[in-house]
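Below is data36.cif, which holds mmCIF, C-alpha atoms and all ligand atoms.
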data_start
loop_
_atom_site.group_PDB
_atom_site.id
_atom_site.type_symbol
_atom_site.label_atom_id
_atom_site.label_comp_id
_atom_site.auth_asym_id
_atom_site.auth_seq_id
_atom_site.Cartn_x
_atom_site.Cartn_y
_atom_site.Cartn_z
ATOM 1 C CA THR A 1 72.627 44.177 25.521
ATOM 2 C CA LYS A 2 75.311 45.840 23.404
ATOM 3 C CA GLU A 3 77.800 43.646 25.280
ATOM 4 C CA LEU A 4 76.471 40.850 23.068
ATOM 5 C CA ALA A 5 77.660 42.684 19.943
ATOM 6 C CA GLY A 6 80.590 41.407 17.890
ATOM 7 C CA MET A 7 81.732 38.605 15.647
ATOM 8 C CA TYR A 8 80.737 35.015 16.473
ATOM 9 C CA ALA A 9 81.729 31.675 14.985
ATOM 10 C CA ALA A 10 78.720 29.494 14.153
ATOM 11 C CA LEU A 11 80.477 26.624 15.879
ATOM 12 C CA MET A 12 80.960 23.315 14.117
ATOM 13 C CA THR A 13 80.398 19.905 15.674
ATOM 14 C CA GLY A 14 82.966 17.192 16.359
ATOM 15 C CA LEU A 15 81.869 13.718 15.275
ATOM 16 C CA SER A 16 83.570 10.334 15.509
ATOM 17 C CA ASP A 17 84.497 8.443 12.342
ATOM 18 C CA ALA A 18 81.265 6.478 12.863
ATOM 19 C CA GLY A 19 79.304 9.746 13.007
ATOM 20 C CA GLU A 20 78.626 9.874 16.777
ATOM 21 C CA PHE A 21 78.884 13.139 18.720
ATOM 22 C CA ASP A 22 82.479 13.146 19.946
ATOM 23 C CA PRO A 23 83.263 15.385 22.965
ATOM 24 C CA GLN A 24 87.036 15.236 22.402
ATOM 25 C CA ARG A 25 86.719 16.258 18.761
ATOM 26 C CA GLN A 26 84.338 19.013 19.863
ATOM 27 C CA ARG A 27 87.055 20.268 22.218
ATOM 28 C CA ASN A 28 89.579 20.176 19.352
ATOM 29 C CA ILE A 29 87.351 22.515 17.327
ATOM 30 C CA ASN A 30 86.603 24.762 20.326
ATOM 31 C CA ASP A 31 90.283 25.154 21.173
ATOM 32 C CA TYR A 32 91.106 26.291 17.657
ATOM 33 C CA VAL A 33 88.134 28.661 17.335
ATOM 34 C CA LEU A 34 88.713 30.212 20.761
ATOM 35 C CA ARG A 35 92.120 31.413 19.549
ATOM 36 C CA GLN A 36 90.594 33.484 16.701
ATOM 37 C CA GLY A 37 89.954 36.592 18.777
ATOM 38 C CA LEU A 38 86.201 36.504 18.193
ATOM 39 C CA ALA A 39 83.582 37.911 20.567
ATOM 40 C CA GLY A 40 81.915 34.570 20.980
ATOM 41 C CA LEU A 41 80.481 31.281 19.834
ATOM 42 C CA TYR A 42 77.062 30.481 18.407
ATOM 43 C CA VAL A 43 76.536 26.899 19.585
ATOM 44 C CA GLY A 44 74.257 24.301 18.007
ATOM 45 C CA GLY A 45 73.266 26.203 14.848
ATOM 46 C CA SER A 46 73.037 25.104 11.231
ATOM 47 C CA SER A 47 76.820 25.113 11.052
ATOM 48 C CA GLY A 48 76.822 22.720 13.997
ATOM 49 C CA GLU A 49 74.697 20.306 11.923
ATOM 50 C CA SER A 50 71.936 20.770 14.516
ATOM 51 C CA GLY A 51 69.300 19.736 11.986
ATOM 52 C CA LEU A 52 71.003 16.323 11.911
ATOM 53 C CA LEU A 53 71.613 15.904 15.656
ATOM 54 C CA THR A 54 69.325 14.681 18.430
ATOM 55 C CA VAL A 55 68.266 16.875 21.346
ATOM 56 C CA ASP A 56 70.379 14.752 23.693
ATOM 57 C CA GLU A 57 73.443 15.313 21.549
ATOM 58 C CA LEU A 58 72.789 19.063 21.484
ATOM 59 C CA LEU A 59 72.365 19.093 25.273
ATOM 60 C CA ALA A 60 75.704 17.277 25.612
ATOM 61 C CA GLN A 61 77.362 19.703 23.213
ATOM 62 C CA GLN A 62 76.109 22.708 25.200
ATOM 63 C CA GLU A 63 77.818 21.246 28.279
ATOM 64 C CA VAL A 64 81.115 20.446 26.566
ATOM 65 C CA VAL A 65 81.369 23.897 24.982
ATOM 66 C CA PHE A 66 80.410 25.710 28.172
ATOM 67 C CA ALA A 67 82.979 23.764 30.210
ATOM 68 C CA GLY A 68 85.756 24.737 27.807
ATOM 69 C CA ALA A 69 84.793 28.330 27.125
ATOM 70 C CA ALA A 70 83.215 29.682 30.313
ATOM 71 C CA SER A 71 86.505 30.847 31.829
ATOM 72 C CA THR A 72 87.730 32.542 28.633
ATOM 73 C CA GLY A 73 85.325 35.505 28.698
ATOM 74 C CA THR A 74 83.857 34.371 25.383
ATOM 75 C CA ARG A 75 80.172 35.178 24.857
ATOM 76 C CA LEU A 76 78.067 32.065 24.339
ATOM 77 C CA ILE A 77 74.848 32.016 22.352
ATOM 78 C CA ALA A 78 72.937 28.725 22.363
ATOM 79 C CA HIS A 79 70.982 28.037 19.205
ATOM 80 C CA VAL A 80 67.887 26.066 20.255
ATOM 81 C CA GLY A 81 65.706 26.130 17.129
ATOM 82 C CA MET A 82 64.302 22.616 16.764
ATOM 83 C CA PRO A 83 61.396 21.346 14.664
ATOM 84 C CA ASN A 84 59.196 21.402 17.771
ATOM 85 C CA LEU A 85 58.763 23.999 20.506
ATOM 86 C CA ARG A 86 59.122 21.539 23.386
ATOM 87 C CA ASP A 87 62.626 20.501 22.374
ATOM 88 C CA SER A 88 63.556 24.147 21.797
ATOM 89 C CA ILE A 89 62.435 25.018 25.328
ATOM 90 C CA ARG A 90 64.322 22.069 26.779
ATOM 91 C CA LEU A 91 67.533 23.246 25.126
ATOM 92 C CA ALA A 92 66.862 26.851 26.159
ATOM 93 C CA ARG A 93 66.338 25.951 29.818
ATOM 94 C CA GLN A 94 69.536 23.954 30.013
ATOM 95 C CA ALA A 95 71.450 26.803 28.336
ATOM 96 C CA GLN A 96 70.157 29.209 30.971
ATOM 97 C CA LYS A 97 71.064 26.804 33.779
ATOM 98 C CA LEU A 98 74.588 26.350 32.439
ATOM 99 C CA GLY A 99 75.226 30.091 32.121
ATOM 100 C CA TYR A 100 74.946 30.834 28.399
ATOM 101 C CA HIS A 101 74.589 34.552 27.687
ATOM 102 C CA ALA A 102 71.840 34.390 25.076
ATOM 103 C CA LEU A 103 69.615 32.171 22.964
ATOM 104 C CA SER A 104 68.841 32.099 19.275
ATOM 105 C CA ALA A 105 66.474 29.976 17.225
ATOM 106 C CA LEU A 106 65.574 29.240 13.641
ATOM 107 C CA PRO A 107 61.901 29.902 12.963
ATOM 108 C CA PRO A 108 59.709 26.778 12.889
ATOM 109 C CA HIS A 109 60.966 25.084 9.752
ATOM 110 C CA SER A 110 59.808 21.481 9.380
ATOM 111 C CA TYR A 111 56.416 22.396 7.802
ATOM 112 C CA PRO A 112 55.189 25.507 5.977
ATOM 113 C CA PHE A 113 54.017 27.393 9.078
ATOM 114 C CA SER A 114 51.918 30.577 9.027
ATOM 115 C CA ASP A 115 53.152 33.941 10.271
ATOM 116 C CA GLU A 116 51.028 33.502 13.416
ATOM 117 C CA GLU A 117 52.559 30.100 14.124
ATOM 118 C CA VAL A 118 56.026 31.591 13.741
ATOM 119 C CA PHE A 119 55.059 34.447 16.064
ATOM 120 C CA GLY A 120 53.576 32.043 18.617
ATOM 121 C CA TYR A 121 56.739 29.940 18.579
ATOM 122 C CA TYR A 122 59.030 32.876 19.341
ATOM 123 C CA GLN A 123 56.596 34.282 21.908
ATOM 124 C CA ALA A 124 56.589 31.015 23.865
ATOM 125 C CA LEU A 125 60.330 30.496 23.530
ATOM 126 C CA ALA A 126 61.143 34.052 24.616
ATOM 127 C CA ALA A 127 58.970 33.617 27.708
ATOM 128 C CA ALA A 128 60.476 30.238 28.649
ATOM 129 C CA THR A 129 63.702 31.668 30.101
ATOM 130 C CA GLU A 130 65.121 35.003 31.185
ATOM 131 C CA LEU A 131 67.861 34.918 28.556
ATOM 132 C CA PRO A 132 68.014 37.436 25.714
ATOM 133 C CA LEU A 133 66.759 35.868 22.479
ATOM 134 C CA ILE A 134 68.035 36.474 18.954
ATOM 135 C CA VAL A 135 65.509 35.668 16.225
ATOM 136 C CA TYR A 136 66.625 34.369 12.858
ATOM 137 C CA GLU A 137 65.836 35.251 9.260
ATOM 138 C CA ILE A 138 67.168 32.569 6.924
ATOM 139 C CA PRO A 139 64.968 31.834 3.896
ATOM 140 C CA LEU A 140 67.587 29.354 2.669
ATOM 141 C CA ARG A 141 66.764 27.038 5.583
ATOM 142 C CA THR A 142 63.062 27.767 6.083
ATOM 143 C CA GLY A 143 61.989 28.030 2.454
ATOM 144 C CA ARG A 144 60.458 31.497 2.796
ATOM 145 C CA PRO A 145 61.447 35.017 3.783
ATOM 146 C CA LEU A 146 59.507 36.366 6.802
ATOM 147 C CA PRO A 147 57.574 39.564 6.018
ATOM 148 C CA LEU A 148 58.993 42.828 7.350
ATOM 149 C CA ASP A 149 55.991 43.505 9.594
ATOM 150 C CA LEU A 150 56.356 40.077 11.223
ATOM 151 C CA LEU A 151 60.068 40.686 11.866
ATOM 152 C CA VAL A 152 59.202 44.060 13.417
ATOM 153 C CA ARG A 153 56.674 42.380 15.742
ATOM 154 C CA LEU A 154 59.119 39.627 16.673
ATOM 155 C CA LEU A 155 61.719 42.200 17.695
ATOM 156 C CA ASP A 156 59.099 43.849 19.926
ATOM 157 C CA LEU A 157 58.627 40.677 22.006
ATOM 158 C CA GLY A 158 59.917 40.724 25.591
ATOM 159 C CA ASN A 159 63.454 39.263 25.898
ATOM 160 C CA VAL A 160 64.032 39.516 22.125
ATOM 161 C CA VAL A 161 67.181 41.609 21.724
ATOM 162 C CA GLY A 162 68.121 41.165 18.115
ATOM 163 C CA ILE A 163 68.200 39.249 14.874
ATOM 164 C CA LYS A 164 70.614 37.068 12.981
ATOM 165 C CA TYR A 165 69.903 38.105 9.427
ATOM 166 C CA THR A 166 70.995 35.602 6.784
ATOM 167 C CA SER A 167 69.334 36.849 3.638
ATOM 168 C CA THR A 168 70.610 38.793 0.656
ATOM 169 C CA ASP A 169 67.642 41.192 0.867
ATOM 170 C CA LEU A 170 69.603 44.156 2.209
ATOM 171 C CA PHE A 171 66.833 46.667 1.606
ATOM 172 C CA LYS A 172 64.551 44.757 3.973
ATOM 173 C CA TYR A 173 67.508 44.626 6.361
ATOM 174 C CA SER A 174 67.831 48.412 6.314
ATOM 175 C CA LEU A 175 64.105 48.974 6.730
ATOM 176 C CA LEU A 176 64.058 46.641 9.722
ATOM 177 C CA ARG A 177 67.027 48.382 11.284
ATOM 178 C CA LYS A 178 65.325 51.722 10.815
ATOM 179 C CA ARG A 179 62.172 50.414 12.516
ATOM 180 C CA GLN A 180 64.079 48.727 15.374
ATOM 181 C CA PRO A 181 67.215 50.838 15.919
ATOM 182 C CA GLN A 182 67.769 49.645 19.505
ATOM 183 C CA LYS A 183 68.098 45.985 18.546
ATOM 184 C CA LEU A 184 71.209 43.976 17.702
ATOM 185 C CA PHE A 185 71.721 43.106 14.046
ATOM 186 C CA TYR A 186 74.051 40.248 13.174
ATOM 187 C CA TYR A 187 74.644 39.568 9.524
ATOM 188 C CA GLY A 188 74.897 35.914 8.509
ATOM 189 C CA PHE A 189 76.418 35.610 5.044
ATOM 190 C CA ASP A 190 80.167 35.589 5.601
ATOM 191 C CA GLU A 191 81.084 36.257 1.976
ATOM 192 C CA ILE A 192 79.198 39.594 1.852
ATOM 193 C CA TYR A 193 79.507 40.729 5.458
ATOM 194 C CA ALA A 194 81.096 44.010 4.374
ATOM 195 C CA ALA A 195 78.080 44.914 2.244
ATOM 196 C CA ALA A 196 75.762 44.641 5.242
ATOM 197 C CA GLY A 197 78.439 46.253 7.401
ATOM 198 C CA MET A 198 78.289 49.340 5.259
ATOM 199 C CA LEU A 199 74.583 49.650 6.065
ATOM 200 C CA GLY A 200 75.275 49.052 9.750
ATOM 201 C CA THR A 201 75.723 45.845 11.752
ATOM 202 C CA ASP A 202 76.297 45.048 15.408
ATOM 203 C CA GLY A 203 78.193 41.936 14.469
ATOM 204 C CA GLY A 204 78.289 38.823 12.360
ATOM 205 C CA ILE A 205 77.730 35.102 12.883
ATOM 206 C CA GLY A 206 79.204 32.689 10.380
ATOM 207 C CA THR A 207 80.506 29.270 9.495
ATOM 208 C CA THR A 208 83.809 30.315 7.986
ATOM 209 C CA TYR A 209 84.646 32.345 11.107
ATOM 210 C CA ASN A 210 85.536 28.968 12.681
ATOM 211 C CA LEU A 211 88.624 28.902 10.509
ATOM 212 C CA LEU A 212 89.153 32.534 9.487
ATOM 213 C CA GLY A 213 87.867 34.358 12.558
ATOM 214 C CA ARG A 214 90.694 36.875 12.529
ATOM 215 C CA LEU A 215 89.870 37.835 8.955
ATOM 216 C CA TYR A 216 86.264 38.707 9.832
ATOM 217 C CA VAL A 217 87.297 40.649 12.925
ATOM 218 C CA ALA A 218 89.557 42.653 10.599
ATOM 219 C CA VAL A 219 86.781 43.201 8.021
ATOM 220 C CA ASP A 220 84.502 44.484 10.768
ATOM 221 C CA GLN A 221 87.196 46.761 12.194
ATOM 222 C CA ALA A 222 87.974 48.187 8.759
ATOM 223 C CA ILE A 223 84.319 49.067 8.204
ATOM 224 C CA ARG A 224 84.021 50.680 11.621
ATOM 225 C CA ALA A 225 87.154 52.697 10.881
ATOM 226 C CA GLY A 226 85.645 53.830 7.575
ATOM 227 C CA ASP A 227 88.397 52.084 5.593
ATOM 228 C CA LEU A 228 86.200 50.613 2.869
ATOM 229 C CA GLU A 229 89.124 49.774 0.576
ATOM 230 C CA ARG A 230 90.663 47.580 3.239
ATOM 231 C CA ALA A 231 87.296 46.033 4.091
ATOM 232 C CA LYS A 232 86.832 45.171 0.432
ATOM 233 C CA THR A 233 90.316 43.653 0.048
ATOM 234 C CA LEU A 234 89.769 41.451 3.111
ATOM 235 C CA GLN A 235 86.264 40.520 2.005
ATOM 236 C CA MET A 236 87.683 39.297 -1.319
ATOM 237 C CA VAL A 237 89.888 36.849 0.596
ATOM 238 C CA SER A 238 86.774 35.478 2.263
ATOM 239 C CA GLN A 239 85.010 35.297 -1.113
ATOM 240 C CA ASP A 240 87.850 33.300 -2.666
ATOM 241 C CA PHE A 241 87.601 30.877 0.236
ATOM 242 C CA VAL A 242 83.787 30.561 0.130
ATOM 243 C CA GLU A 243 83.913 30.044 -3.644
ATOM 244 C CA VAL A 244 85.856 26.818 -3.085
ATOM 245 C CA LEU A 245 83.625 25.824 -0.157
ATOM 246 C CA LEU A 246 80.575 25.996 -2.401
ATOM 247 C CA GLU A 247 82.281 23.444 -4.677
ATOM 248 C CA THR A 248 83.028 21.023 -1.838
ATOM 249 C CA GLY A 249 79.838 21.652 0.148
ATOM 250 C CA VAL A 250 80.116 24.229 2.948
ATOM 251 C CA LEU A 251 80.273 22.032 6.048
ATOM 252 C CA PRO A 252 82.127 19.058 4.469
ATOM 253 C CA GLY A 253 84.629 21.556 3.042
ATOM 254 C CA MET A 254 85.063 23.291 6.392
ATOM 255 C CA LYS A 255 85.712 19.955 8.072
ATOM 256 C CA ALA A 256 88.180 19.030 5.321
ATOM 257 C CA ALA A 257 89.962 22.348 5.918
ATOM 258 C CA PHE A 258 90.167 21.630 9.637
ATOM 259 C CA ARG A 259 91.694 18.237 8.949
ATOM 260 C CA VAL A 260 94.207 19.867 6.599
ATOM 261 C CA ILE A 261 95.403 22.224 9.345
ATOM 262 C CA GLY A 262 95.540 19.387 11.884
ATOM 263 C CA VAL A 263 92.301 19.924 13.793
ATOM 264 C CA ASP A 264 90.813 16.447 14.227
ATOM 265 C CA CYS A 265 87.054 17.084 13.874
ATOM 266 C CA GLY A 266 85.678 14.051 12.025
ATOM 267 C CA PRO A 267 83.221 13.922 9.114
ATOM 268 C CA THR A 268 79.806 15.526 8.637
ATOM 269 C CA ARG A 269 76.774 13.429 9.562
ATOM 270 C CA ALA A 270 74.981 11.466 6.850
ATOM 271 C CA PRO A 271 73.364 12.285 4.566
ATOM 272 C CA MET A 272 75.589 15.374 4.467
ATOM 273 C CA ALA A 273 78.679 14.489 2.462
ATOM 274 C CA PRO A 274 81.405 16.191 0.409
ATOM 275 C CA ALA A 275 80.270 17.104 -3.094
ATOM 276 C CA VAL A 276 83.652 16.179 -4.559
ATOM 277 C CA ALA A 277 86.179 13.399 -3.908
ATOM 278 C CA ASP A 278 89.140 15.753 -3.512
ATOM 279 C CA ALA A 279 87.735 18.184 -0.925
ATOM 280 C CA GLU A 280 90.888 18.069 1.205
ATOM 281 C CA ASP A 281 93.143 18.799 -1.777
ATOM 282 C CA ARG A 282 90.993 21.747 -2.793
ATOM 283 C CA MET A 283 91.007 23.116 0.740
ATOM 284 C CA ARG A 284 94.761 22.572 1.034
ATOM 285 C CA ALA A 285 95.258 24.624 -2.115
ATOM 286 C CA VAL A 286 93.089 27.528 -0.979
ATOM 287 C CA LEU A 287 94.636 27.547 2.502
ATOM 288 C CA ALA A 288 98.113 27.753 0.964
ATOM 289 C CA ARG A 289 97.302 31.103 -0.692
ATOM 290 C CA PRO A 290 99.290 33.787 1.127
ATOM 291 C CA ALA A 291 96.281 36.046 1.766
ATOM 292 C CA VAL A 292 94.318 33.295 3.503
ATOM 293 C CA LYS A 293 97.082 32.243 5.908
HETATM 294 C C1 LIG B 1 74.313 28.886 11.548
HETATM 295 O O1 LIG B 1 74.991 28.110 12.241
HETATM 296 O O2 LIG B 1 73.118 29.007 11.788
HETATM 297 C C2 LIG B 1 74.981 29.620 10.440
HETATM 298 O O3 LIG B 1 76.128 29.421 10.262
HETATM 299 C C3 LIG B 1 74.333 30.577 9.533
HETATM 300 C C4 LIG B 1 75.328 31.355 8.670
HETATM 301 C C5 LIG B 1 75.746 30.552 7.439
HETATM 302 N N1 LIG B 1 74.601 30.393 6.582
HETATM 303 C C6 LIG B 1 74.106 29.191 6.284
HETATM 304 C C7 LIG B 1 72.961 29.173 5.315
HETATM 305 O O4 LIG B 1 74.549 28.164 6.743
HETATM 306 O O5 LIG B 1 77.967 31.356 7.554
HETATM 307 C C8 LIG B 1 76.870 31.242 6.691
HETATM 308 C C9 LIG B 1 77.263 30.479 5.434
HETATM 309 O O6 LIG B 1 77.644 29.171 5.767
HETATM 310 C C10 LIG B 1 78.447 31.151 4.730
HETATM 311 O O7 LIG B 1 78.131 32.501 4.477
HETATM 312 C C11 LIG B 1 78.793 30.437 3.424
HETATM 313 O O8 LIG B 1 77.773 30.685 2.466
#
Whole structure, structure tokens version:
Amino acid sequence: TKELAGMYAALMTGLSDAGEFDPQRQRNINDYVLRQGLAGLYVGGSSGESGLLTVDELLAQQEVVFAGAASTGTRLIAHVGMPNLRDSIRLARQAQKLGYHALSALPPHSYPFSDEEVFGYYQALAAATELPLIVYEIPLRTGRPLPLDLLVRLLDLGNVVGIKYTSTDLFKYSLLRKRQPQKLFYYGFDEIYAAAGMLGTDGGIGTTYNLLGRLYVAVDQAIRAGDLERAKTLQMVSQDFVEVLLETGVLPGMKAAFRVIGVDCGPTRAPMAPAVADAEDRMRAVLARPAVK
């Protein structure tokens, strides 16, 4: 499973001006991201606005992305975490049929589920296909951190090969890694990837990799080479970028940045909207900084 290691863009979604899933705009995004030198794409995740899309749209997106990326050698992880298990399994089965390399899923997140419900969800999803499954820790989306012992049990499930860890609790991260040293650990906060990298990662998955993929590949390489000064310098470039994104709203700002560089990707889906009126100007300014280019 170590062939799944590396840096992945949490792929964004192309929408029409009216907010419909737009296959051509999806291809525009894919074409740009595929040139970043990343290990792969994480398709249909939070960064793909999956919480705002229908299952049919996500099924269509899986097809469009696979058609464009299959021949490039890029690893493809399908995110299939939906509010209900049946839709998750439907997405997972199509991903397997198409030829995706792995699956990942948010924990059940539309109600405050118990640890046993979360466990049961991953158990059923992992058994629904033969694909490797990457579980997901992201208290920001689910409203609660999963306890360490539950994460340990989830990583013991058949077909579960790793975790996408998007939490700032790096001590829990280290304890989990110590308990499950054979598993793949992807860190999910772009702006502090180097901090997790210092403790040991197998890769990263992030939104801003769509635009700055090369930067994150370089951060990761610097850490692996033991060049912490360089890793820190590069990480600061990412932090300057994310600082502006948090002003505009992460996904609206990313889409504004794409428009600025000429990638026609459309808006975010309502109710997600830019937090400021001048998102494109702010992104233009940050993209013009020499270090970011
Ligand atoms: C996904 O598609 O599931 C993700 O992109 C998760 C990783 C992102 N975290 C969230 C909460 O969306 O890339 C990060 C994040 O956007 C970035 O670090 C900026 O804070």
What are the closest atom pairs, with distances in Å to one decimal, for each residue of range 162-256 of chain A lying within 12 Å of range 6-25 of chain A, using only C-alpha atoms, rows by chain and rising residue number, as a tab-separated table?
residue	atom	partner	partner_atom	distance
A:Lys164	CA	A:Tyr8	CA	10.9
A:Leu184	CA	A:Gly6	CA	9.7
A:Phe185	CA	A:Gly6	CA	9.8
A:Tyr186	CA	A:Gly6	CA	8.1
A:Tyr187	CA	A:Met7	CA	9.4
A:Gly188	CA	A:Ala10	CA	9.4
A:Phe189	CA	A:Ala10	CA	11.2
A:Asp190	CA	A:Ala9	CA	10.3
A:Tyr193	CA	A:Met7	CA	10.6
A:Gly197	CA	A:Met7	CA	11.7
A:Thr201	CA	A:Gly6	CA	9.0
A:Asp202	CA	A:Gly6	CA	6.2
A:Gly203	CA	A:Gly6	CA	4.2
A:Gly204	CA	A:Met7	CA	4.8
A:Ile205	CA	A:Tyr8	CA	4.7
A:Gly206	CA	A:Ala10	CA	5.0
A:Thr207	CA	A:Ala10	CA	5.0
A:Thr208	CA	A:Ala9	CA	7.4
A:Tyr209	CA	A:Ala9	CA	4.9
A:Asn210	CA	A:Ala9	CA	5.2
A:Leu211	CA	A:Ala9	CA	8.7
A:Leu212	CA	A:Ala9	CA	9.3
A:Gly213	CA	A:Ala9	CA	7.1
A:Arg214	CA	A:Met7	CA	9.6
A:Leu215	CA	A:Met7	CA	10.6
A:Tyr216	CA	A:Met7	CA	7.4
A:Val217	CA	A:Met7	CA	6.5
A:Ala218	CA	A:Met7	CA	10.2
A:Val219	CA	A:Met7	CA	10.2
A:Asp220	CA	A:Met7	CA	8.1
A:Gln221	CA	A:Gly6	CA	10.2
A:Arg224	CA	A:Gly6	CA	11.7
A:Val250	CA	A:Met12	CA	11.2
A:Leu251	CA	A:Met12	CA	8.2
A:Pro252	CA	A:Met12	CA	10.6
A:Gly253	CA	A:Met12	CA	11.8
A:Met254	CA	A:Met12	CA	8.7
A:Lys255	CA	A:Met12	CA	8.4
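Counting only C-alpha atoms and all ligand atoms, the residue from A:Val242, A:Val263, A:Leu52, A:Val64 that sits nearest to ligand LIG 1 (chain B) is A:Val242.
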**Message:** Here's the selection I'm unsure about, the PyMOL selection byres (((chain A and resi 277-284) around 7) and not hetatm); applied to the file above, which residues does it give, as an MDAnalysis selection string?
**Reply:** chainID A and resid 248 253 256:257 260 274 276 285:288
**Fill in**
Between A:Pro132, A:Gly266, A:Gly249, A:Gly40, smallest distance to ligand LIG 1 (chain B) by all atoms listed in the file belongs to A:Gly249
**Item:** Residues selected by the PyMOL selection byres (((chain A and resi 72-82) around 8) and not hetatm), written as an MDAnalysis selection string
**Value:** chainID A and resid 4 34 38:45 51 62 66 69:71 83:85 87:89 91:92 95 100:108
